[in-house]
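Colleague: What follows is the file protein-v2.cif, containing mmCIF, C-alpha atoms and all ligand atoms:
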```cif
data_query
loop_
_atom_site.label_atom_id
_atom_site.label_comp_id
_atom_site.auth_asym_id
_atom_site.auth_seq_id
_atom_site.Cartn_x
_atom_site.Cartn_y
_atom_site.Cartn_z
CA MET V 17 96.44 96.87 73.18
CA PHE V 18 100.16 97.36 73.44
CA LYS V 19 101.86 99.91 71.31
CA LEU V 20 105.46 100.90 71.32
CA PHE V 21 106.14 104.46 70.40
CA ASN V 22 109.74 105.50 70.15
CA ARG V 23 110.46 109.16 70.19
CA SER V 24 113.54 108.99 67.99
CA ASP V 25 111.69 110.51 65.02
CA SER V 26 109.50 112.99 66.79
CA PRO V 27 110.19 116.65 67.41
CA SER V 28 111.96 117.73 70.57
CA PRO V 29 109.99 119.75 73.10
CA SER V 30 112.08 122.81 72.58
CA SER V 31 111.49 122.89 68.83
CA ALA V 32 107.79 122.22 69.14
CA PRO V 33 105.23 124.97 68.81
CA SER V 34 104.13 125.90 72.27
CA ALA V 35 100.59 125.00 73.05
CA THR V 36 98.24 127.10 75.11
CA PRO V 37 99.47 126.98 78.66
CA ALA V 38 97.49 124.59 80.76
CA GLN V 39 95.06 126.30 83.06
CA ALA V 40 93.97 125.33 86.48
CA CYS V 41 91.18 122.88 85.92
CA GLU V 42 87.59 123.73 86.42
CA LYS V 43 85.62 120.87 87.94
CA PRO V 44 85.64 117.81 85.71
CA ASN V 45 82.42 116.01 84.85
CA SER V 46 83.08 112.88 86.77
CA GLU V 47 85.67 113.33 89.43
CA THR V 48 86.73 109.84 90.27
CA LEU V 49 87.06 106.40 88.87
CA ALA V 50 86.76 103.91 91.67
CA ASP V 51 88.44 100.58 92.05
CA PRO V 52 86.23 98.37 89.83
CA SER V 53 86.70 95.48 92.25
CA ALA V 54 85.26 97.56 95.07
CA GLY V 55 81.71 96.58 94.12
CA ASP V 56 78.71 98.45 95.40
CA SER V 57 78.55 100.29 98.67
CA SER V 58 76.67 97.46 100.36
CA GLY V 59 79.78 95.35 100.22
CA VAL V 60 82.10 97.69 102.06
CA LYS V 61 83.53 94.98 104.30
CA GLY V 62 84.33 92.77 101.36
CA ALA V 63 85.57 95.66 99.30
CA PHE V 64 88.12 96.64 101.90
CA SER V 65 89.13 93.16 102.99
CA GLY V 66 92.44 93.63 101.19
CA LEU V 67 93.00 96.80 103.17
CA ARG V 68 92.16 95.07 106.45
CA ALA V 69 94.55 92.25 105.63
CA ALA V 70 97.24 94.75 104.71
CA LEU V 71 96.81 96.54 108.01
CA ARG V 72 97.20 93.32 110.00
CA GLN V 73 100.75 93.96 111.20
CA THR V 74 100.06 97.54 112.24
CA ARG V 75 96.82 96.50 113.93
CA ASN V 76 98.46 93.63 115.79
CA GLY V 77 101.17 95.92 117.12
CA LEU V 78 98.84 98.69 118.14
CA LEU V 79 96.02 96.57 119.55
CA GLY V 80 98.49 94.28 121.29
CA GLN V 81 99.76 97.29 123.17
CA LEU V 82 96.30 98.71 123.84
CA LYS V 83 95.17 95.33 125.10
CA THR V 84 97.89 95.26 127.72
CA LEU V 85 96.66 98.64 128.87
CA THR V 86 92.98 97.74 128.79
CA ALA V 87 93.58 94.56 130.79
CA ASP V 88 92.94 96.93 133.66
CA ALA V 89 89.17 97.19 133.42
CA SER V 90 88.81 99.80 136.12
CA ASP V 91 87.70 103.31 135.27
CA LYS V 92 90.60 105.09 136.89
CA PRO V 93 92.65 107.47 134.74
CA LEU V 94 95.69 106.01 133.02
CA ASP V 95 98.91 106.54 134.94
CA ALA V 96 102.11 108.03 133.51
CA GLU V 97 103.55 104.65 132.66
CA ALA V 98 100.46 103.58 130.71
CA LEU V 99 100.37 106.88 128.84
CA GLU V 100 103.99 106.43 127.91
CA ALA V 101 103.27 102.94 126.60
CA PHE V 102 100.39 104.36 124.54
CA GLU V 103 102.66 107.02 123.10
CA GLU V 104 105.33 104.45 122.30
CA ALA V 105 102.88 102.19 120.50
CA LEU V 106 101.85 105.09 118.28
CA ILE V 107 105.45 106.03 117.54
CA ARG V 108 106.30 102.43 116.72
CA ALA V 109 103.44 102.36 114.21
CA ASP V 110 104.88 105.50 112.60
CA PHE V 111 102.15 107.95 113.58
CA GLY V 112 104.95 110.45 114.06
CA VAL V 113 106.34 111.76 117.33
CA ASP V 114 104.33 114.99 117.30
CA LEU V 115 101.01 113.26 116.85
CA ALA V 116 101.84 110.51 119.36
CA VAL V 117 102.88 113.02 122.02
CA ALA V 118 99.80 115.17 121.36
CA LEU V 119 97.42 112.20 121.63
CA ALA V 120 99.00 110.92 124.85
CA GLU V 121 98.85 114.42 126.31
CA GLN V 122 95.19 114.79 125.41
CA ALA V 123 94.44 111.42 126.98
CA ARG V 124 96.21 112.60 130.14
CA GLN V 125 94.37 115.92 130.26
CA LYS V 126 91.02 114.23 129.77
CA GLY V 127 91.87 111.74 132.48
CA LEU V 128 90.94 108.85 130.21
CA SER V 129 90.69 105.36 131.56
CA ALA V 130 92.08 102.40 129.64
CA ARG V 131 88.60 101.53 128.42
CA GLN V 132 88.11 104.97 126.91
CA LEU V 133 91.36 104.90 124.97
CA LYS V 134 90.24 103.13 121.80
CA PRO V 135 87.08 105.21 121.20
CA PHE V 136 89.18 108.32 121.88
CA LEU V 137 91.82 107.20 119.38
CA ARG V 138 89.22 106.45 116.72
CA GLU V 139 87.67 109.89 117.10
CA GLU V 140 90.99 111.71 117.07
CA LEU V 141 92.27 109.84 114.03
CA MET V 142 89.11 110.74 112.14
CA ARG V 143 89.76 114.33 113.12
CA VAL V 144 93.34 114.20 111.83
CA LEU V 145 92.20 112.92 108.45
CA GLY V 146 89.19 115.22 108.43
CA ALA V 147 91.44 118.24 108.94
CA VAL V 148 92.98 117.76 105.51
CA SER V 149 89.68 116.83 103.89
CA GLN V 150 88.12 119.90 102.39
CA SER V 151 85.41 117.71 100.95
CA SER V 152 84.35 114.11 101.29
CA ARG V 153 86.05 113.45 97.97
CA PHE V 154 89.33 115.00 98.95
CA ASN V 155 90.95 111.59 99.33
CA GLU V 156 89.76 110.38 95.97
CA LEU V 157 91.95 110.40 92.94
CA SER V 158 90.65 113.06 90.58
CA TYR V 159 89.38 111.89 87.24
CA GLY V 160 87.36 113.59 84.53
CA ASP V 161 85.67 111.61 81.80
CA ASP V 162 85.36 114.77 79.70
CA ARG V 163 89.06 115.60 79.61
CA LEU V 164 92.61 114.32 79.60
CA ASN V 165 93.78 112.93 82.92
CA ILE V 166 97.44 113.28 83.74
CA TYR V 167 99.05 111.40 86.63
CA PHE V 168 102.63 112.32 87.43
CA VAL V 169 104.16 109.71 89.70
CA VAL V 170 107.19 110.65 91.82
CA GLY V 171 109.07 109.29 94.82
CA VAL V 172 112.40 108.00 96.03
CA ASN V 173 113.87 104.91 94.41
CA GLY V 174 112.23 101.64 95.27
CA ALA V 175 109.12 103.29 96.72
CA GLY V 176 106.87 101.41 94.30
CA LYS V 177 106.23 103.97 91.54
CA THR V 178 106.43 101.62 88.57
CA THR V 179 104.31 98.97 90.26
CA LEU V 180 101.70 101.56 91.19
CA ILE V 181 101.60 102.76 87.59
CA GLY V 182 100.96 99.21 86.37
CA LYS V 183 98.10 98.80 88.84
CA LEU V 184 96.60 102.18 88.03
CA ALA V 185 96.81 101.56 84.29
CA HIS V 186 95.09 98.21 84.80
CA ARG V 187 92.28 99.90 86.68
CA PHE V 188 91.64 102.50 84.00
CA VAL V 189 91.90 100.00 81.15
CA GLY V 190 89.39 97.89 83.09
CA HIS V 191 87.03 100.84 82.83
CA GLY V 192 87.56 100.94 79.06
CA LYS V 193 89.82 103.99 79.09
CA ARG V 194 92.74 104.67 76.80
CA VAL V 195 95.91 104.65 78.89
CA ILE V 196 99.29 105.91 77.77
CA ILE V 197 102.26 105.32 80.04
CA ALA V 198 105.28 107.58 79.68
CA ALA V 199 108.58 105.90 80.54
CA GLY V 200 110.08 108.90 82.24
CA ASP V 201 112.65 106.96 84.25
CA THR V 202 115.45 107.14 81.74
CA PHE V 203 118.15 106.79 84.38
CA ARG V 204 118.07 103.05 84.99
CA ALA V 205 118.52 100.80 81.97
CA ALA V 206 116.14 98.16 83.33
CA ALA V 207 113.43 100.67 84.18
CA GLU V 208 111.83 100.78 80.73
CA GLU V 209 111.81 97.04 80.45
CA GLN V 210 110.06 96.72 83.82
CA LEU V 211 107.54 99.38 82.85
CA GLY V 212 107.01 97.67 79.49
CA VAL V 213 106.03 94.46 81.25
CA TRP V 214 103.50 96.34 83.39
CA ALA V 215 102.12 98.22 80.37
CA GLN V 216 101.63 94.97 78.52
CA ARG V 217 99.96 93.31 81.50
CA ALA V 218 97.66 96.27 81.93
CA GLY V 219 96.90 96.64 78.22
CA ALA V 220 98.25 100.18 78.07
CA GLU V 221 100.29 101.98 75.43
CA LEU V 222 103.89 102.77 76.26
CA VAL V 223 105.85 105.80 75.19
CA GLN V 224 109.60 105.57 75.59
CA THR V 225 112.74 107.24 74.38
CA GLN V 226 116.02 106.10 72.95
CA THR V 227 117.75 109.07 74.49
CA ASN V 228 117.77 109.87 78.19
CA ASP V 229 115.56 112.92 77.85
CA ALA V 230 112.74 112.35 80.34
CA ALA V 231 110.97 115.62 79.48
CA ALA V 232 110.86 114.57 75.83
CA VAL V 233 109.03 111.39 76.81
CA VAL V 234 106.41 113.46 78.60
CA TYR V 235 106.08 115.65 75.53
CA ASP V 236 105.62 112.65 73.24
CA ALA V 237 103.08 111.00 75.52
CA LEU V 238 100.98 114.17 75.71
CA ARG V 239 101.17 114.64 71.94
CA LEU V 240 100.23 111.02 71.33
CA ALA V 241 97.23 111.40 73.63
CA GLN V 242 96.06 114.48 71.73
CA ASP V 243 96.93 113.40 68.18
CA GLY V 244 93.53 111.94 67.48
CA GLY V 245 91.78 115.04 68.84
CA ASP V 246 89.41 113.43 71.30
CA VAL V 247 91.07 113.11 74.69
CA ALA V 248 87.91 112.77 76.77
CA GLY V 249 88.51 110.29 79.55
CA SER V 250 91.97 109.31 78.33
CA VAL V 251 94.77 108.83 80.81
CA VAL V 252 98.48 109.62 80.68
CA ILE V 253 100.57 108.20 83.52
CA ILE V 254 104.14 109.39 83.84
CA ASP V 255 106.85 107.27 85.49
CA THR V 256 109.90 109.05 86.88
CA ALA V 257 113.32 108.17 88.21
CA GLY V 258 113.72 107.77 91.96
CA ARG V 259 117.36 108.61 91.85
CA LEU V 260 119.69 110.53 89.56
CA GLN V 261 123.33 111.46 90.06
CA ASN V 262 122.13 113.56 92.98
CA LYS V 263 118.97 115.01 94.44
CA PHE V 264 119.45 118.36 92.76
CA ASN V 265 119.55 116.75 89.31
CA LEU V 266 116.46 114.72 90.07
CA MET V 267 114.47 117.78 91.15
CA GLU V 268 115.69 119.68 88.10
CA GLU V 269 114.51 116.88 85.87
CA LEU V 270 111.13 116.59 87.59
CA GLY V 271 110.69 120.35 87.34
CA LYS V 272 111.42 120.21 83.64
CA MET V 273 108.91 117.40 83.14
CA LYS V 274 106.33 119.42 85.05
CA ARG V 275 106.91 122.43 82.83
CA ILE V 276 106.32 120.28 79.75
CA ILE V 277 103.05 119.09 81.28
CA ASP V 278 102.00 122.70 81.92
CA LYS V 279 102.83 123.61 78.35
CA GLU V 280 101.53 120.61 76.46
CA ALA V 281 98.45 119.55 78.38
CA PRO V 282 95.16 120.61 76.86
CA ALA V 283 93.52 123.56 78.60
CA ARG V 284 90.98 121.31 80.29
CA HIS V 285 92.70 118.48 82.06
CA VAL V 286 93.07 116.75 85.40
CA TYR V 287 96.50 116.91 87.01
CA GLU V 288 97.56 114.75 89.90
CA ALA V 289 101.14 114.56 91.14
CA LEU V 290 101.34 111.57 93.42
CA LEU V 291 104.17 111.10 95.86
CA VAL V 292 104.71 107.38 96.28
CA VAL V 293 105.64 106.54 99.87
CA ASP V 294 106.83 103.11 100.96
CA ALA V 295 104.90 102.30 104.15
CA THR V 296 107.79 100.20 105.46
CA THR V 297 110.21 103.13 105.38
CA GLY V 298 107.70 105.92 105.53
CA GLN V 299 109.40 108.52 107.65
CA ASN V 300 112.52 108.57 105.48
CA ALA V 301 110.63 109.07 102.26
CA LEU V 302 108.45 111.68 103.88
CA SER V 303 111.39 113.78 104.88
CA GLN V 304 111.74 114.38 101.16
CA ALA V 305 108.10 115.29 100.61
CA LYS V 306 108.86 118.99 100.85
CA VAL V 307 111.54 118.77 98.20
CA PHE V 308 109.25 116.88 95.83
CA ALA V 309 106.42 119.28 96.57
CA GLN V 310 108.55 122.21 95.47
CA ALA V 311 109.46 120.56 92.19
CA VAL V 312 106.09 119.22 91.07
CA ASN V 313 103.19 120.64 93.08
CA LEU V 314 102.11 117.44 94.81
CA THR V 315 98.39 116.71 95.02
CA GLY V 316 98.43 113.49 97.02
CA VAL V 317 100.18 110.41 98.26
CA ALA V 318 100.10 106.77 97.22
CA LEU V 319 101.06 104.61 100.20
CA THR V 320 102.63 101.36 98.98
CA LYS V 321 103.67 98.08 100.62
CA LEU V 322 101.17 98.48 103.42
CA ASP V 323 100.88 94.69 103.36
CA GLY V 324 104.45 94.29 104.57
CA SER V 325 104.40 97.07 107.10
CA ALA V 326 103.64 97.49 110.79
CA LYS V 327 103.81 101.23 110.27
CA GLY V 328 100.41 102.05 108.81
CA GLY V 329 100.24 105.05 111.13
CA ILE V 330 102.28 106.88 108.51
CA ALA V 331 98.99 107.78 106.75
CA PHE V 332 98.11 110.01 109.72
CA HIS V 333 101.58 111.42 109.94
CA ILE V 334 101.40 112.44 106.28
CA ALA V 335 98.03 114.07 106.82
CA LYS V 336 99.12 115.97 109.90
CA ALA V 337 102.63 117.01 109.04
CA HIS V 338 102.35 117.50 105.29
CA GLN V 339 98.70 118.34 104.74
CA LEU V 340 98.62 115.86 101.90
CA PRO V 341 95.78 113.40 101.40
CA VAL V 342 96.60 109.74 100.94
CA LYS V 343 94.65 108.77 97.82
CA LEU V 344 95.79 105.28 96.95
CA VAL V 345 97.10 102.34 98.90
CA GLY V 346 99.24 99.48 97.56
CA VAL V 347 98.47 96.22 99.34
CA GLY V 348 100.59 93.72 97.41
CA GLU V 349 102.63 93.06 94.30
CA GLN V 350 99.81 91.87 92.06
CA ILE V 351 98.16 94.05 89.44
CA ASP V 352 94.90 94.45 91.34
CA ASP V 353 96.49 95.05 94.74
CA LEU V 354 95.48 98.69 94.70
CA LYS V 355 92.90 100.31 96.95
CA ASP V 356 91.38 103.72 97.13
CA PHE V 357 92.09 105.32 100.46
CA ASP V 358 88.99 105.30 102.62
CA ALA V 359 89.42 106.98 106.00
CA VAL V 360 86.73 105.04 107.84
CA ALA V 361 87.81 101.69 106.41
CA PHE V 362 91.42 102.52 107.21
CA ILE V 363 90.72 103.40 110.83
CA ASP V 364 88.42 100.40 111.25
CA GLY V 365 91.14 98.22 109.77
CA LEU V 366 93.55 99.57 112.36
CA LEU V 367 91.36 99.35 115.42
CA ASP V 368 88.73 96.68 114.90
CA GLU V 369 89.65 93.39 116.43
CA GLU V 370 87.04 91.48 114.47
CA ALA V 371 89.03 92.44 111.40
CA LEU V 372 91.92 90.26 112.65
N1 LIG V 401 104.44 93.86 99.09
C1 LIG V 401 104.38 94.90 98.24
N2 LIG V 401 105.42 95.13 97.42
C2 LIG V 401 105.33 96.18 96.57
C3 LIG V 401 104.19 97.03 96.54
N3 LIG V 401 104.41 97.99 95.60
C4 LIG V 401 105.64 97.74 95.09
N4 LIG V 401 106.20 96.67 95.66
C5 LIG V 401 107.54 96.07 95.41
O1 LIG V 401 108.53 97.06 95.69
C6 LIG V 401 109.64 96.91 94.82
C7 LIG V 401 109.97 98.24 94.16
O2 LIG V 401 108.89 98.62 93.34
P1 LIG V 401 109.05 99.54 92.04
O3 LIG V 401 107.67 99.72 91.52
O4 LIG V 401 110.08 98.99 91.14
O5 LIG V 401 109.58 100.86 92.71
P2 LIG V 401 110.05 102.20 91.99
O6 LIG V 401 109.66 103.34 92.87
O7 LIG V 401 109.58 102.25 90.59
O8 LIG V 401 111.65 102.03 92.03
P3 LIG V 401 112.75 102.80 91.14
O9 LIG V 401 112.35 102.65 89.72
O10 LIG V 401 114.03 102.09 91.47
O11 LIG V 401 112.80 104.21 91.60
C8 LIG V 401 109.25 95.81 93.83
O12 LIG V 401 109.85 94.60 94.23
C9 LIG V 401 107.75 95.72 93.95
O13 LIG V 401 107.24 94.45 93.67
C10 LIG V 401 103.10 96.75 97.44
O14 LIG V 401 102.07 97.43 97.52
N5 LIG V 401 103.25 95.66 98.26
MG MG V 402 110.54 102.48 88.79
#
```
Once you've parsed the file, please lay out its structure as structure tokens.
Modeller:
Amino acid sequence: MFKLFNRSDSPSPSSAPSATPAQACEKPNSETLADPSAGDSSGVKGAFSGLRAALRQTRNGLLGQLKTLTADASDKPLDAEALEAFEEALIRADFGVDLAVALAEQARQKGLSARQLKPFLREELMRVLGAVSQSSRFNELSYGDDRLNIYFVVGVNGAGKTTLIGKLAHRFVGHGKRVIIAAGDTFRAAAEEQLGVWAQRAGAELVQTQTNDAAAVVYDALRLAQDGGDVAGSVVIIDTAGRLQNKFNLMEELGKMKRIIDKEAPARHVYEALLVVDATTGQNALSQAKVFAQAVNLTGVALTKLDGSAKGGIAFHIAKAHQLPVKLVGVGEQIDDLKDFDAVAFIDGLLDEEAL
């Protein structure tokens, strides 16, 4: 189903009657909607094969380095040079300087031998991800089949927002859900066209504007979702610009869109604001995480382009430095190249040689 809905003849947000302000959500009925291609839990290896493949470059870099260190099979503690090489390998894979230094220091204090390094790393990485996991479902994208689900997708230009939206819409449509995509990137002329192609591929409805009022698109999408009354399980995904005339304008616009969501969402809804981070340029995008967080109240990260990156360590950097869970991972340019973030599968994909 592909429906074009132009907002030219609909009321502007400012003239619209204000709805009950959205409240913080109580727990939805069903919290997540997993990747339908993931299959049952018995097929975990198969289910995450895309993730393993996507982590190949990071794994090769990291394990290549560890292998040089572990060539020394003796049990004597690693020397300063080896510890430095360990630290460097982590930094190169974008684990972040703080985490890399801390891990190398711990290894030194514990007097670890080369052989003990990989088990130590596995345990510590689980701890890093566990520290931001208040529950086992913390890394899962929230979803409620008894309410409207709103996904606000933000990030710097080129991070992969529009592509992620196409993939996400495809997933929900695959589960039989109504999906409305709001074309909130009104800055680039080609943006709506690109989003339209994804909406059509995914079988989602598209709401766009003939003006450049991004907040009005959000308003229209939320109204369209609620027009028929029954919003249970429906999904609204909001695309946004990655760049405006300047950063201040962009944050202003995102803040305005967020306020429309707060005002127009039904009282019971799921809200996720996902920061899309390009895994090939992770650190740069992350430096802006704080700014985005202030504008839209981020709830998680979607890590894209992992397939083309040797810097998969960024997932741990995000967890440690920003206390944000990675919830989704983009592993390619195709519509089903989207994975749920799974900490164990991610760490196995990084450290298990048999996954090569
Ligand atoms: N290999 C790979 N490429 C990806 C992935 N996700 C997105 N891309 C590519 O990255 C490029 C930018 O993606 P977009 O989705 O247009 O990024 P955007 O954040 O919407 O960009 P702006 O609209 O300019 O802000 C495109 O060429 C995508 O095909 C991924 O997971 N893997
Ligand atoms: Mg885009």
Colleague: Which residues come within 8 Å of Ala120 in chain V, counting all atoms listed in the file, excluding same-chain residues fewer than 2 positions away, as a PyMOL selection string?
Modeller: chain V and resi 99-100+102-103+116-118+122-124
Colleague: Could you give me, as a tab-separated table, every chain V residue with an atom at most 7 Å from ligand MG 402 (chain V), plus its closest atom pair and distance in Å to one decimal, counting all atoms listed in the file, rows ordered by chain then number?
Modeller:
```
residue	atom	partner	partner_atom	distance
V:Asn173	CA	V:MG402	MG	7.0
V:Gly174	CA	V:MG402	MG	6.7
V:Gly176	CA	V:MG402	MG	6.7
V:Lys177	CA	V:MG402	MG	5.3
V:Thr178	CA	V:MG402	MG	4.2
V:Asp201	CA	V:MG402	MG	6.7
V:Ala207	CA	V:MG402	MG	5.7
V:Asp255	CA	V:MG402	MG	6.9
V:Thr256	CA	V:MG402	MG	6.9
V:Ala257	CA	V:MG402	MG	6.4
V:Gly258	CA	V:MG402	MG	6.9
```
Colleague: If we count all atoms listed in the file and set the cut-off at 8 Å, which residues sit around Tyr167 in chain V, ignoring sequence neighbours fewer than 2 positions away in its own chain? Please answer as a count of residues only.
Modeller: 10
Colleague: Could you check which residues have any atom within 9 Å of (120.6, 104.9, 86.5), counting all atoms listed in the file with coordinates taken straight from the file, and then list them as a list in words?
Modeller: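 Here is the list of nearby residues: Asp201, Thr202, Phe203, Arg204, Ala205, Ala206, Ala207, Ala257, Arg259, Leu260 and Gln261 of chain V.
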Colleague: Just the number, please: distance in Å from CA of Asn228 in chain V to CA of Thr320 in chain V, one decimal.
Modeller: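 One can read the CA of Asn228 in chain V to CA of Thr320 in chain V distance as 27.1 Å.
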Colleague: Go through V:Arg138, V:Lys321, V:His186, V:Arg194 and flag the residue nearest ligand LIG 401 (chain V), using all atoms listed in the file for the distances.
Modeller: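 Closest candidate: V:Lys321.
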Colleague: Identify which of the residues V:Lys274, V:Arg187, V:Arg163, V:Lys355 lies closest to Gly245 in chain V, counting only C-alpha atoms when measuring atom-to-atom distances.
Modeller: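 Counting only C-alpha atoms, the residue closest to Gly245 in chain V is V:Arg163.
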Colleague: Would you be able to write out as a PDB file with C-alpha atoms, in the coordinates of the input which residues have an atom within 7 Å of (105.8, 118.4, 74.4) in the file's coordinates, counting all atoms listed in the file?
Modeller:
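Output contents, as saved in part_32.pdb:
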```
ATOM      1  CA  PRO V  29     109.990 119.750  73.100  1.00  0.00           C
ATOM      2  CA  ALA V  32     107.790 122.220  69.140  1.00  0.00           C
ATOM      3  CA  ALA V 232     110.860 114.570  75.830  1.00  0.00           C
ATOM      4  CA  VAL V 234     106.410 113.460  78.600  1.00  0.00           C
ATOM      5  CA  TYR V 235     106.080 115.650  75.530  1.00  0.00           C
ATOM      6  CA  ASP V 236     105.620 112.650  73.240  1.00  0.00           C
ATOM      7  CA  LEU V 238     100.980 114.170  75.710  1.00  0.00           C
ATOM      8  CA  ARG V 239     101.170 114.640  71.940  1.00  0.00           C
ATOM      9  CA  ILE V 276     106.320 120.280  79.750  1.00  0.00           C
ATOM     10  CA  GLU V 280     101.530 120.610  76.460  1.00  0.00           C
TER      11      GLU V 280
END
```
Colleague: Between V:Val172, V:Val144, V:Ala326, V:Ile334, single out the one closest to Leu78 in chain V, counting all atoms listed in the file.
Modeller: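 Of all the options, V:Ala326 lies closest to Leu78 in chain V.
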Colleague: To one decimal place, how far is CA of Leu94 in chain V from CA of Phe111 in chain V in Å?
Modeller: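 Spanning CA of Leu94 in chain V to CA of Phe111 in chain V is a straight-line distance of 20.6 Å.
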Colleague: Output as lines of an AutoDock Vina configuration file the centre and edge lengths (Å, one decimal) of the box along x, y and z of the file that holds every listed atom of range 69-72 of chain V after adding 4 Å on each side.
Modeller:
```
center_x = 95.9
center_y = 94.4
center_z = 107.4
size_x = 10.7
size_y = 12.3
size_z = 13.3
```
Colleague: If you count all atoms listed in the file, which residues fall within 12 Å of Lys336 in chain V, apart from same-chain ones fewer than 6 positions away, as a PyMOL selection string?
Modeller: chain V and resi 111-116+118+140-149+302+329-330+342
Colleague: Expressed in Å to a single decimal, how great is the separation between CA of Asp294 in chain V and atom O14 of ligand LIG 401 (chain V)?
Modeller: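 Going from CA of Asp294 in chain V over to atom O14 of ligand LIG 401 (chain V), I get 8.2 Å.
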Colleague: Which one is closest to ligand LIG 401 (chain V): V:Leu71, V:Leu211, V:Leu184, V:Ile166? Count all atoms listed in the file.
Modeller: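 Result for the nearest residue to ligand LIG 401 (chain V): V:Leu211.
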Colleague: Smallest atom-to-atom distance to Ile363 in chain V: which of V:Leu319, V:Leu137, V:Val347, V:Leu157, using all atoms listed in the file?
Modeller: V:Leu137
Colleague: Considering all atoms listed in the file, state which residue in the set V:Leu164, V:Thr296, V:Ile351, V:Ala337 is at the smallest distance from Val213 in chain V.
Modeller: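 The shortest atom-to-atom distance to Val213 in chain V comes from V:Ile351.
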Colleague: Compile the contact shell of Arg275 in chain V as a PyMOL selection string: residues with an atom at most 9 Å away, counting only C-alpha atoms, same-chain residues fewer than 4 positions apart removed.
Modeller: chain V and resi 231+270-271+279-280+312
Colleague: I'd like the contact shell of Gly365 in chain V - 8 Å cut-off, only C-alpha atoms, skipping same-chain residues fewer than 2 positions apart - returned as a PyMOL selection string.
Modeller: chain V and resi 67-68+71-72+75+361-363+367-368+371
